[in-house]
Structures are given as C-alpha cells and as structure tokens.
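This is coords-v4.txt. It holds compact mmCIF, C-alpha atoms.
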# COMPACT_ATOMS: atom_id res chain seq x y z
CA MET A 1355 -39.97 38.95 38.41
CA THR A 1356 -39.56 42.45 39.86
CA GLU A 1357 -37.35 43.84 37.13
CA VAL A 1358 -39.95 42.77 34.59
CA MET A 1359 -42.78 44.34 36.54
CA ILE A 1360 -41.06 47.67 37.04
CA GLY A 1361 -39.76 48.12 33.51
CA GLY A 1362 -38.16 51.29 32.23
CA THR A 1363 -39.09 54.42 30.36
CA GLY A 1364 -39.15 52.46 27.12
CA THR A 1365 -41.74 50.04 28.44
CA ALA A 1366 -43.85 52.94 29.66
CA LEU A 1367 -43.66 54.57 26.21
CA ILE A 1368 -44.72 51.32 24.52
CA ASN A 1369 -47.59 51.08 27.00
CA ILE A 1370 -48.71 54.60 26.11
CA LEU A 1371 -48.38 53.85 22.38
CA PHE A 1372 -50.48 50.67 22.62
CA LEU A 1373 -53.16 52.37 24.69
CA GLY A 1374 -53.19 55.32 22.27
CA MET A 1375 -53.69 52.88 19.38
CA LEU A 1376 -56.58 51.29 21.28
CA PHE A 1377 -58.13 54.72 21.78
CA VAL A 1378 -57.82 55.68 18.11
CA VAL A 1379 -59.28 52.35 16.95
CA ALA A 1380 -62.17 52.58 19.40
CA LEU A 1381 -62.93 56.13 18.24
CA ALA A 1382 -62.86 55.01 14.60
CA ILE A 1383 -65.18 52.06 15.36
CA ALA A 1384 -67.63 54.48 16.95
CA ARG A 1385 -67.49 56.87 13.99
CA LEU A 1386 -67.43 54.55 10.96
CA ARG A 1387 -70.60 53.44 9.21
CA SER A 1388 -69.26 50.60 7.05
CA LEU A 1389 -69.86 47.42 9.01
CA PHE A 1390 -67.05 45.55 7.27
CA ALA A 1391 -64.52 48.20 8.26
CA ILE A 1392 -65.81 47.98 11.82
CA VAL A 1393 -65.30 44.20 11.88
CA MET A 1394 -61.75 44.60 10.54
CA LEU A 1395 -60.97 47.30 13.08
CA SER A 1396 -62.32 45.16 15.91
CA GLY A 1397 -59.77 42.55 14.83
CA VAL A 1398 -57.06 45.20 15.04
CA TYR A 1399 -58.37 46.22 18.47
CA SER A 1400 -58.10 42.64 19.71
CA LEU A 1401 -54.57 42.25 18.34
CA VAL A 1402 -53.36 45.46 19.97
CA SER A 1403 -54.97 44.63 23.30
CA ALA A 1404 -53.56 41.08 23.17
CA ALA A 1405 -50.07 42.48 22.60
CA TRP A 1406 -50.63 44.94 25.43
CA TYR A 1407 -51.72 42.15 27.80
CA ILE A 1408 -48.48 40.34 27.03
CA LEU A 1409 -46.57 43.56 27.69
CA VAL A 1410 -48.09 43.93 31.16
CA ASP A 1411 -47.32 40.24 31.84
CA ALA A 1412 -50.88 38.89 31.70
CA VAL A 1413 -49.94 36.07 29.36
CA ASP A 1414 -53.04 33.93 29.76
CA VAL A 1415 -55.39 36.87 29.14
CA GLY A 1416 -53.38 37.74 26.04
CA PHE A 1417 -53.72 34.16 24.79
CA THR A 1418 -57.48 34.23 25.25
CA GLU A 1419 -57.85 37.66 23.70
CA ALA A 1420 -55.89 36.64 20.61
CA ALA A 1421 -57.76 33.37 20.13
CA VAL A 1422 -61.27 34.64 20.88
CA GLY A 1423 -61.03 38.30 19.93
CA ALA A 1424 -58.81 38.32 16.87
CA GLY A 1425 -59.59 34.86 15.57
CA MET A 1426 -63.06 33.70 16.50
CA SER A 1427 -65.11 36.84 16.97
CA THR A 1428 -63.97 38.31 13.64
CA ALA A 1429 -65.31 35.21 11.89
CA VAL A 1430 -68.53 35.27 13.91
CA LEU A 1431 -69.08 38.98 13.20
CA LEU A 1432 -68.48 38.42 9.47
CA GLY A 1433 -71.04 35.61 9.57
CA ALA A 1434 -73.49 37.90 11.34
CA MET A 1435 -72.87 40.53 8.65
CA LEU A 1436 -74.19 38.04 6.08
CA LEU A 1437 -77.63 38.34 7.66
CA THR A 1438 -77.78 42.14 7.90
CA ALA A 1439 -76.91 45.15 5.81
CA ARG A 1440 -73.40 46.28 4.91
CA THR A 1441 -73.65 49.77 6.38
CA ALA A 1442 -75.15 51.00 9.61
CA LYS A 1443 -78.11 53.31 9.47
CA PRO A 1444 -77.36 56.86 10.65
CA GLU A 1445 -79.13 57.24 13.95
CA LYS A 1446 -80.91 60.29 15.24
CA PRO A 1447 -78.96 62.44 17.72
CA LEU A 1448 -81.61 62.03 20.41
CA GLN A 1449 -81.31 58.24 20.28
CA ARG A 1450 -77.68 58.47 21.33
CA LEU A 1451 -78.66 60.05 24.63
CA GLY A 1452 -79.85 56.84 26.30
CA PRO A 1453 -76.71 54.75 25.64
CA LEU A 1454 -74.57 57.75 26.61
CA VAL A 1455 -76.30 57.99 29.98
CA VAL A 1456 -75.94 54.23 30.54
CA CYS A 1457 -72.23 54.32 29.65
CA LEU A 1458 -71.54 57.32 31.87
CA ALA A 1459 -73.43 55.80 34.80
CA THR A 1460 -71.57 52.49 34.44
CA GLY A 1461 -68.25 54.29 34.22
CA VAL A 1462 -68.97 56.39 37.29
CA MET A 1463 -70.02 53.30 39.24
CA LEU A 1464 -66.90 51.36 38.19
CA ILE A 1465 -64.59 54.23 39.12
CA TYR A 1466 -66.43 54.61 42.43
CA GLY A 1467 -65.97 50.88 43.05
CA SER A 1468 -62.26 50.98 42.20
CA VAL A 1469 -61.59 53.55 44.93
CA ASP A 1470 -61.90 50.80 47.55
CA LEU A 1471 -59.47 48.45 45.82
CA PRO A 1472 -56.10 47.93 47.51
CA ALA A 1473 -53.15 49.62 45.84
CA LEU A 1474 -51.02 47.73 43.30
CA GLY A 1475 -48.51 45.59 45.16
CA ASP A 1476 -50.00 46.30 48.57
CA ALA A 1477 -48.46 43.70 50.90
CA THR A 1478 -51.38 43.76 53.34
CA SER A 1479 -54.13 43.23 50.79
CA PRO A 1480 -56.08 39.94 51.13
CA ALA A 1481 -54.75 38.67 47.80
CA ASN A 1482 -51.15 39.04 48.93
CA ALA A 1483 -51.50 38.14 52.61
CA GLY A 1484 -53.39 34.83 52.50
CA ILE A 1485 -52.92 31.75 50.36
CA GLY A 1486 -51.61 33.86 47.50
CA LEU A 1487 -48.40 34.39 49.43
CA THR A 1488 -47.95 30.63 49.70
CA TYR A 1489 -48.31 30.24 45.97
CA LEU A 1490 -45.83 33.05 45.39
CA LYS A 1491 -43.36 31.25 47.63
CA ILE A 1492 -43.67 27.69 46.37
CA ASN A 1493 -44.47 28.41 42.71
CA TRP A 1494 -40.94 28.66 41.44
CA TYR A 1495 -39.80 25.44 43.15
CA ASP A 1496 -42.92 23.57 42.02
CA MET A 1497 -43.27 24.66 38.43
CA GLY A 1498 -40.39 26.88 37.34
CA VAL A 1499 -42.85 29.19 35.57
CA PRO A 1500 -42.18 32.88 36.27
CA ASN A 1501 -45.83 33.98 35.94
CA VAL A 1502 -47.77 32.75 38.96
CA VAL A 1503 -51.18 33.24 37.37
CA THR A 1504 -50.17 31.10 34.40
CA SER A 1505 -48.78 28.36 36.60
CA VAL A 1506 -51.94 28.29 38.74
CA LEU A 1507 -54.19 28.16 35.67
CA ALA A 1508 -52.21 25.66 33.64
CA SER A 1509 -50.50 23.54 36.29
CA TYR A 1510 -52.18 23.63 39.70
CA ARG A 1511 -55.62 23.78 38.12
CA GLY A 1512 -54.61 22.03 34.90
CA PHE A 1513 -57.18 19.24 35.24
CA ASP A 1514 -59.92 21.82 35.82
CA THR A 1515 -58.85 23.76 32.73
CA LEU A 1516 -58.82 20.56 30.68
CA GLY A 1517 -62.40 19.85 31.80
CA GLU A 1518 -63.47 23.37 30.83
CA THR A 1519 -61.90 22.92 27.41
CA ALA A 1520 -63.77 19.66 26.92
CA VAL A 1521 -67.06 21.34 27.90
CA VAL A 1522 -66.53 24.25 25.52
CA PHE A 1523 -65.54 21.90 22.69
CA THR A 1524 -68.65 19.77 23.25
CA ALA A 1525 -70.84 22.87 23.22
CA GLY A 1526 -69.29 24.07 19.97
CA LEU A 1527 -69.72 20.63 18.41
CA ALA A 1528 -73.39 20.55 19.47
CA VAL A 1529 -74.01 23.98 17.94
CA ALA A 1530 -72.31 22.92 14.71
CA LEU A 1531 -74.42 19.76 14.57
CA LEU A 1532 -77.61 21.75 15.16
CA LEU A 1533 -76.77 24.25 12.41
CA GLY A 1534 -75.91 21.42 10.03
CA PHE A 1535 -73.25 20.71 7.44
CA GLY A 1536 -73.35 20.21 3.70
CA GLU A 1537 -76.82 19.89 2.19
CA ARG A 1538 -78.63 21.00 5.30
CA SER A 1539 -76.41 23.99 5.99
CA LEU A 1540 -77.40 27.62 5.84
CA ALA A 1541 -75.17 28.25 2.84
CA GLU A 1542 -76.90 25.54 0.80
CA THR A 1543 -80.30 26.93 1.77
CA LEU A 1544 -79.26 30.40 0.73
CA LYS A 1545 -77.86 29.11 -2.55
CA LYS A 1546 -81.09 27.35 -3.45
CA THR A 1547 -83.26 30.42 -2.84
CA PRO A 1548 -83.67 32.80 -5.81
CA LYS A 1549 -81.04 35.45 -6.44
CA ALA A 1550 -83.22 38.37 -5.40
CA GLU A 1551 -83.63 37.02 -1.90
CA THR A 1552 -80.02 36.04 -1.25
CA ARG A 1553 -78.84 39.62 -1.53
CA PRO A 1554 -79.81 41.04 1.87
CA ALA A 1555 -82.12 43.99 1.92
CA PRO A 1556 -81.24 46.98 4.15
CA ARG A 1557 -83.22 45.69 7.12
CA GLY A 1558 -85.82 43.20 8.17
CA LYS A 1559 -85.41 40.64 5.37
CA ASP A 1560 -83.32 38.24 7.40
CA GLY A 1561 -86.29 36.08 8.34
CA ASN A 1562 -85.75 33.78 5.35
CA ALA A 1563 -82.21 33.04 6.40
CA ALA A 1564 -83.00 31.65 9.83
CA MET B 1075 -30.20 47.30 18.40
CA THR B 1076 -33.18 45.19 19.40
CA PHE B 1077 -34.85 48.26 20.82
CA ALA B 1078 -34.31 50.17 17.56
CA ALA B 1079 -35.96 47.32 15.66
CA LEU B 1080 -38.85 47.42 18.11
CA VAL B 1081 -39.31 51.16 17.55
CA ALA B 1082 -39.22 50.68 13.76
CA ILE B 1083 -41.88 47.99 13.92
CA LEU B 1084 -44.04 50.14 16.20
CA ILE B 1085 -43.87 52.96 13.65
CA GLY B 1086 -44.87 50.44 11.00
CA MET B 1087 -47.83 49.44 13.17
CA CYS B 1088 -48.96 53.07 13.31
CA LEU B 1089 -48.75 53.37 9.51
CA LEU B 1090 -50.74 50.15 9.04
CA LEU B 1091 -53.32 51.39 11.50
CA LEU B 1092 -53.66 54.53 9.38
CA ARG B 1093 -54.19 52.38 6.29
CA ALA B 1094 -56.83 50.30 8.08
CA LEU B 1095 -58.63 53.47 9.15
CA ILE B 1096 -58.66 55.36 5.85
CA GLY B 1097 -58.36 52.42 3.44
CA PRO B 1098 -60.73 53.17 0.57
CA THR B 1099 -61.48 49.58 -0.42
CA MET B 1100 -62.03 46.60 1.83
CA TYR B 1101 -59.02 44.82 0.34
CA ASP B 1102 -56.82 47.58 1.74
CA ARG B 1103 -58.31 46.89 5.13
CA VAL B 1104 -57.90 43.12 4.91
CA LEU B 1105 -54.28 43.52 3.92
CA ALA B 1106 -53.72 46.10 6.64
CA VAL B 1107 -55.20 43.83 9.31
CA ASN B 1108 -53.17 40.86 8.13
CA SER B 1109 -49.93 42.85 8.12
CA PHE B 1110 -50.88 44.32 11.48
CA GLY B 1111 -51.11 40.79 12.87
CA THR B 1112 -47.66 40.03 11.47
CA LYS B 1113 -46.33 43.18 13.09
CA THR B 1114 -47.90 42.13 16.40
CA VAL B 1115 -46.06 38.82 16.20
CA LEU B 1116 -42.78 40.60 15.51
CA VAL B 1117 -43.36 43.05 18.35
CA LEU B 1118 -44.02 40.16 20.74
CA GLY B 1119 -40.84 38.41 19.68
CA LEU B 1120 -38.76 41.56 20.12
CA LEU B 1121 -40.48 42.50 23.38
CA GLY B 1122 -39.41 39.19 24.84
CA TYR B 1123 -35.78 40.02 24.19
CA VAL B 1124 -36.10 43.65 25.31
CA MET B 1125 -37.79 42.62 28.56
CA GLY B 1126 -35.44 39.67 29.11
CA ARG B 1127 -38.13 37.02 28.65
CA PRO B 1128 -37.46 35.17 25.38
CA ASP B 1129 -40.29 32.74 26.27
CA PHE B 1130 -42.61 35.18 24.53
CA LEU B 1131 -41.53 33.60 21.24
CA ASP B 1132 -43.91 30.69 21.92
CA ILE B 1133 -46.82 33.09 22.24
CA ALA B 1134 -45.73 34.83 19.05
CA ILE B 1135 -45.93 31.50 17.19
CA LEU B 1136 -49.48 31.00 18.46
CA TYR B 1137 -50.40 34.49 17.23
CA THR B 1138 -49.02 33.62 13.81
CA LEU B 1139 -51.33 30.61 13.59
CA ILE B 1140 -54.38 32.63 14.67
CA ASN B 1141 -53.54 35.41 12.22
CA PHE B 1142 -53.20 32.95 9.36
CA VAL B 1143 -56.46 31.16 10.12
CA SER B 1144 -58.46 34.36 10.54
CA THR B 1145 -57.10 35.79 7.26
CA ILE B 1146 -58.14 32.59 5.48
CA ALA B 1147 -61.58 32.90 7.08
CA ILE B 1148 -61.98 36.51 5.94
CA LEU B 1149 -60.89 35.75 2.38
CA LYS B 1150 -63.19 32.72 2.27
CA PHE B 1151 -65.99 34.98 3.37
CA PHE B 1152 -65.23 37.27 0.43
CA ARG B 1153 -65.15 34.43 -2.04
CA TYR B 1154 -68.23 32.49 -1.00
CA ARG B 1155 -70.18 34.80 1.33
CA SER B 1156 -70.29 31.92 3.77
CA PHE B 1157 -68.04 29.85 5.98
CA GLN B 1158 -69.88 26.58 5.39
CA VAL B 1159 -68.46 25.94 1.94
CA PRO B 1160 -65.58 23.50 1.49
CA LEU B 1161 -62.45 25.02 0.02
CA VAL B 1162 -62.48 23.34 -3.39
CA ARG B 1163 -62.31 24.54 -6.96
CA ARG B 1164 -65.01 27.00 -7.79
CA THR B 1165 -68.16 25.50 -9.23
CA ASP B 1166 -70.84 27.43 -11.08
CA ALA B 1167 -73.07 27.58 -8.04
CA ALA B 1168 -70.27 29.00 -5.92
CA SER B 1169 -69.35 31.57 -8.53
CA ARG B 1170 -72.95 32.74 -8.54
CA ALA B 1171 -72.97 32.97 -4.76
CA GLY B 1172 -70.07 35.39 -4.50
CA ASP B 1173 -68.21 37.38 -7.13
CA GLY B 1174 -65.64 38.94 -4.83
CA ASN B 1175 -66.76 42.52 -4.41
CA ALA B 1176 -69.52 43.90 -2.25
Since I need it in another form, could you write the structure as structure tokens?
Amino acid sequence: MTEVMIGGTGTALINILFLGMLFVVALAIARLRSLFAIVMLSGVYSLVSAAWYILVDAVDVGFTEAAVGAGMSTAVLLGAMLLTARTAKPEKPLQRLGPLVVCLATGVMLIYGSVDLPALGDATSPANAGIGLTYLKINWYDMGVPNVVTSVLASYRGFDTLGETAVVFTAGLAVALLLGFGERSLAETLKKTPKAETRPAPRGKDGNAA
Amino acid sequence: MTFAALVAILIGMCLLLLRALIGPTMYDRVLAVNSFGTKTVLVLGLLGYVMGRPDFLDIAILYTLINFVSTIAILKFFRYRSFQVPLVRRTDAASRAGDGNA
C-alpha cells in the first residue's frame, strides 16, 4: 500500500500532466461559445478526472466519475441542448461580476476551512485513530482488497450499496415512465409538430417542447 | 518499456485534446472525444503495470464500455436529434427529423 501511495517522480509528472489537462479544458469550456463543443469538452474533463482519480488510488470515485460524468451527463446535456439554442449568447461584462464574486467568496471560504484539516497521513487525526484504524488492520485478512475505501463500500457495506442501487434504478425507471416511450414520447411529439417549430429558436421557444 | 509506452500515449492524449479544442467541425470533436476515451483506457491499463497494480485492467474494461455507449448516444443524437428513437432503419419521418449536420 505505501509504495503505491508514495509513488515516484514519474507519478508526480503524470499527476501534473493530468491536472494541467483539466485546467486547459476548464479554461476552454469557460471561453467557448458553441454549446456542443462545451458538452464534448465536459466529457473529456470527466474522462481525465476519472483517470486522475484512479491514479491517486480513489478507485470508487473514478468509477462513479466515469459512469456519471463521461457517460450519463454527456447524454443528458445533449438532450438539454435539444431544447435550447446551439450557441451561448455573449454576456455583458458587468454580468460576469456577480458570479465572479460568488466563486471567489466560495473559494476563500473553502481554503479557510481546509486550514483546520489534519495533515495527509496524520496518525493522530480522528479518521486514523478511531475505528478507521481497526478497518485498516483487519481489512486485508477479511477481504484481500488493497484499497480500504473500496472494500468498505463494496464489501462491508455491500448490502447498503445494493439498496442504494435499487433505489436509484427505481427512480430512473419512474422518470422514464413519466416521460413516456414510443407514441407518447417527446420525440414523437416534436416530430408531429410542424417543421418551423421543431427547429429551436435562439431563446424562449422551448415552451412547446415541455 | 511500459513507461515509454505510457509517455507516448500521454503525448497522444495532449494532441487529441488539442484537436478537441480547435476542431473546426463537430465531427472532429466527436472523434477526438472518442479517441480520448480509448487513450484513457490504455493509460489506465499501463498505469496499473507501472504502479504494480494490474487490477486496474478491470476498471479499464469498464471505461471501454462507457466510452462505447456514450459514443453511440452522441452519434444517435446527431442522426435523430433525440434519444427516444429506436435504432432501426431510417424511415422518412426520421430522415426529416435530422439530416446529420447542425
């Protein structure tokens, strides 16, 4: 476990490369106006971050990021793009000020909050001193899985995770039933409306699609 | 040897990222994202061997499945402008709904 956590110079360089890619993609998403390009780049962002999670040994987070971020949310965003325009409207410079202030304030608060966190690998921190230490000790003999977080999620709490999966599946099924299939679906409704209305106007014409 | 392959694939990832950023048409971007997913799978497989954890291959297989499904979803979106259309031969109504370019 330790030799994986420490890594070498090569691992550090790959870390830096992945994080640099994330930075470039995020900058491009903020600058681009074509919504389709933004959706594609968000897929790239999810793939890179999923690979990076695997690199830093957070396997379960990487799984979730790949399934939800790269797979599902790209499809959902493309579906949302059906209802709006294809390019973003250029905003006025003054309108950017509010979100900028909110982002800066949130960032300052998060950094301020992270000052109190225990250092990485601190042996006296509550996470390492209490029941976590027991799991670290017995995990290998119980499960034989090197990643303790994965073994807790998938083995110790496996029944719980199975229940969560069932709940999420039922919710998705209910949403799909409400939206309808076949004749009652949104696509059929859009197809039956005249051609002029199916092509989305720049803004505000999405009322007929709902 | 494995590390050299890893470096080569990482350089390829950077080039694909460039294509996804500056790609003039959306087909360039779709292809770039799809190939980027493939490169991610390869990087995961090689990382497992570089870091001494070949178990990462299982995760790489999962990523392959997700990449395939999402590419199919994106291309279906291009073809039909909707996800709620069964993948069958194109009828006249479907050809009116989407002609492939936006």
Identify the residues around (-52.2, 36.4, 17.4) within a radius of 9 Å, measuring from all atoms listed in the file in the coordinates stated by the file, and give them as a ChimeraX atom specification.
-> /A:1400-1401,1404-1405,1416-1417,1419-1421,1424-1425 /B:1111-1112,1114-1115,1133-1142
Mind checking which residues fall within 12 Å of range 1079-1086 of chain B, counting all atoms listed in the file, ignoring those fewer than 3 positions away in the same chain, and posting them as an MDAnalysis selection string?
-> (chainID A and resid 1364:1365 1367:1372 1375 1402 1405) or (chainID B and resid 1075:1076 1089:1093 1106 1109:1125)
So, counting all atoms listed in the file, which residue among A:Ser1505, A:Thr1428, A:Thr1418, A:Thr1460 is closest to chain B?
-> A:Thr1428
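Minimum atom-to-atom distance to Thr1145 in chain B, evaluated using all atoms listed in the file, belongs to A:Gly1397 out of A:Phe1377, A:Leu1507, A:Ala1530, A:Gly1397.
Counting only C-alpha atoms and comparing A:Leu1432, A:Val1415, A:Ala1439, A:Met1463, the residue that lies closest to chain B is A:Leu1432.
Residue nearest chain A within the list B:Ile1096, B:Leu1149, B:Val1107, B:Ala1078: B:Val1107 [criterion: smallest interatomic distance, only C-alpha atoms].
Taking CA of Met1435 in chain A and CA of Leu1389 in chain A as endpoints, the distance between them is 7.5 Å.
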Please indicate the distance in Å from CA of Leu1409 in chain A to CA of Asn1501 in chain A, rounded to one decimal place.
-> 12.7 Å
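In this model, the gap between CA of Tyr1489 in chain A and CA of Val1502 in chain A comes to 7.5 Å.
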For chain B, which residue out of A:Val1410, A:Leu1527, A:Leu1474, A:Leu1516 is the nearest one, using only C-alpha atoms?
-> A:Val1410
Can you find the residues with an atom no farther than 12 Å from (-48.4, 20.2, 40.4), counting all atoms listed in the file, and report them as a CSV table (one decimal) with C-alpha atoms, keeping the file's coordinate frame?
chain,number,residue,atom,x,y,z
A,1489,TYR,CA,-48.3,30.2,46.0
A,1492,ILE,CA,-43.7,27.7,46.4
A,1493,ASN,CA,-44.5,28.4,42.7
A,1494,TRP,CA,-40.9,28.7,41.4
A,1495,TYR,CA,-39.8,25.4,43.2
A,1496,ASP,CA,-42.9,23.6,42.0
A,1497,MET,CA,-43.3,24.7,38.4
A,1498,GLY,CA,-40.4,26.9,37.3
A,1499,VAL,CA,-42.8,29.2,35.6
A,1505,SER,CA,-48.8,28.4,36.6
A,1506,VAL,CA,-51.9,28.3,38.7
A,1507,LEU,CA,-54.2,28.2,35.7
A,1508,ALA,CA,-52.2,25.7,33.6
A,1509,SER,CA,-50.5,23.5,36.3
A,1510,TYR,CA,-52.2,23.6,39.7
A,1511,ARG,CA,-55.6,23.8,38.1
A,1512,GLY,CA,-54.6,22.0,34.9
A,1513,PHE,CA,-57.2,19.2,35.2
Report, as JSON, the centre and edge lengths in Å (one decimal) of the axis-aligned box enclosing every listed atom of range 1126-1131 of chain B, padded by 6 Å on each side.
{"center_x": -39.0, "center_y": 36.2, "center_z": 25.2, "size_x": 19.2, "size_y": 18.9, "size_z": 19.9}
